[in-house]
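> Structure file structure.cif (mmCIF, C-alpha atoms) right here:
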```cif
data_my_file
loop_
_atom_site.label_atom_id
_atom_site.label_comp_id
_atom_site.auth_asym_id
_atom_site.auth_seq_id
_atom_site.Cartn_x
_atom_site.Cartn_y
_atom_site.Cartn_z
CA MET A 154 -6.27 8.23 36.26
CA LYS A 155 -8.10 4.95 35.56
CA ASP A 156 -10.51 6.57 33.10
CA GLN A 157 -7.80 7.71 30.69
CA PRO A 158 -6.66 5.34 27.94
CA SER A 159 -3.21 3.85 28.23
CA THR A 160 -0.51 5.65 26.30
CA GLU A 161 1.59 2.47 26.25
CA THR A 162 2.16 1.23 22.73
CA LYS A 163 1.52 -2.48 22.32
CA GLY A 164 1.26 -2.52 18.55
CA PRO A 165 -1.37 -1.27 16.15
CA PRO A 166 -4.99 -1.27 17.29
CA SER A 167 -7.18 -4.05 15.98
CA PHE A 168 -9.28 -3.39 12.90
CA HIS A 169 -12.60 -3.32 14.78
CA VAL A 170 -11.22 -0.75 17.23
CA VAL A 171 -10.30 1.52 14.32
CA VAL A 172 -13.71 1.03 12.65
CA ASP A 173 -15.50 1.74 15.92
CA ALA A 174 -13.43 4.91 16.37
CA ALA A 175 -14.25 6.00 12.81
CA ASP A 176 -17.95 5.49 13.56
CA ARG A 177 -17.69 8.09 16.32
CA LEU A 178 -16.37 10.74 13.92
CA THR A 179 -18.64 13.28 12.30
CA ALA A 180 -19.57 12.75 8.66
CA GLU A 181 -17.12 15.50 7.65
CA GLU A 182 -14.33 13.91 9.69
CA GLN A 183 -15.10 10.52 8.11
CA GLU A 184 -14.87 12.06 4.63
CA THR A 185 -11.55 13.67 5.55
CA LEU A 186 -10.31 10.34 6.90
CA ILE A 187 -11.31 8.58 3.68
CA GLU A 188 -9.50 11.19 1.59
CA LEU A 189 -6.41 10.86 3.77
CA LEU A 190 -6.42 7.06 3.56
CA ASN A 191 -6.94 7.15 -0.22
CA ARG A 192 -3.94 9.50 -0.60
CA ARG A 193 -1.80 7.25 1.61
CA LEU A 194 -2.82 4.16 -0.36
CA ALA A 195 -2.00 5.90 -3.64
CA ASN A 196 1.39 6.96 -2.27
CA ARG A 197 2.08 3.40 -1.06
CA ARG A 198 1.15 1.96 -4.47
CA ARG A 199 3.33 4.56 -6.18
CA ALA A 200 6.28 3.67 -3.93
CA GLU A 201 5.77 -0.07 -4.58
CA LEU A 202 5.62 0.54 -8.33
CA THR A 203 8.80 2.63 -8.16
CA THR A 204 10.55 -0.18 -6.29
CA ASP A 205 9.35 -2.75 -8.83
CA VAL A 206 10.55 -0.64 -11.76
CA GLN A 207 13.94 -0.06 -10.12
CA GLU A 208 14.32 -3.80 -9.45
CA ALA A 209 13.39 -4.64 -13.05
CA GLN A 210 15.88 -2.06 -14.31
CA ARG A 211 18.64 -3.61 -12.15
CA GLU A 212 17.77 -7.08 -13.44
CA PHE A 213 17.82 -5.82 -17.03
CA ASP A 214 21.11 -3.96 -16.52
CA SER A 215 22.72 -7.09 -15.01
CA GLY A 216 21.73 -9.15 -18.04
CA ALA A 217 19.19 -11.24 -16.15
CA LEU A 218 16.49 -10.09 -18.57
CA ARG A 219 16.41 -9.70 -22.30
CA PRO A 220 14.35 -7.37 -24.44
CA ALA A 221 11.16 -9.03 -25.71
CA THR A 222 8.13 -8.03 -27.69
CA PRO A 223 4.65 -8.64 -26.30
CA GLU A 224 4.33 -11.45 -28.85
CA ASP A 225 7.52 -13.10 -27.54
CA ILE A 226 6.23 -12.88 -23.97
CA MET A 227 2.85 -14.40 -24.90
CA LYS A 228 4.54 -17.24 -26.81
CA GLU A 229 6.65 -18.03 -23.75
CA ILE A 230 3.64 -17.89 -21.41
CA LEU A 231 1.55 -20.14 -23.65
CA SER A 232 4.29 -22.70 -24.33
#
```
Just give me the structure as structure tokens.


Amino acid sequence: MKDQPSTETKGPPSFHVVVDAADRLTAEEQETLIELLNRRLANRRRAELTTDVQEAQREFDSGALRPATPEDIMKEILS
């Protein structure tokens, strides 16, 4: 059983191993992989944005933030 890859998990594969594996896929499989990765990235960004909005809402609700107009924010940034 020397020829079979190890099923032991030692962490994620290195980037070049993943790229090399993708190179061995057919063009159709590569397109499907790209679509899958794009969907996962979009979902990850959506989840991060949701977390950021929830955190900002908690900060606002606790009184740590105050309402401000864009002009107020720019004045504070530029001062």

> Figure out the distance between CA of Arg198 in chain A and CA of Ala221 in chain A, please, to one decimal in Å.

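Between CA of Ala221 in chain A and CA of Arg198 in chain A the gap is 25.9 Å.
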
> So, counting all atoms listed in the file, which residue among A:Leu202, A:Ser215, A:Val172, A:Gln207 is closest to Ile187 in chain A?

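Ranked by minimum distance to Ile187 in chain A, first place goes to A:Val172.
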
> For a quick check of understanding, using all atoms listed in the file, which of A:Val171, A:Arg199, A:Lys228, A:Gly164 has the smallest distance to Leu186 in chain A?

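Selected residue with least distance to Leu186 in chain A: A:Val171.
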
> Report, in Å to a single decimal, how far apart CA of Ala209 in chain A and CA of Asn191 in chain A are.

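Separation of CA of Asn191 in chain A and CA of Ala209 in chain A: 26.8 Å.
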
> Provide the CA of Leu231 in chain A to CA of Glu208 in chain A distance in Å, to one decimal place.

25.1 Å
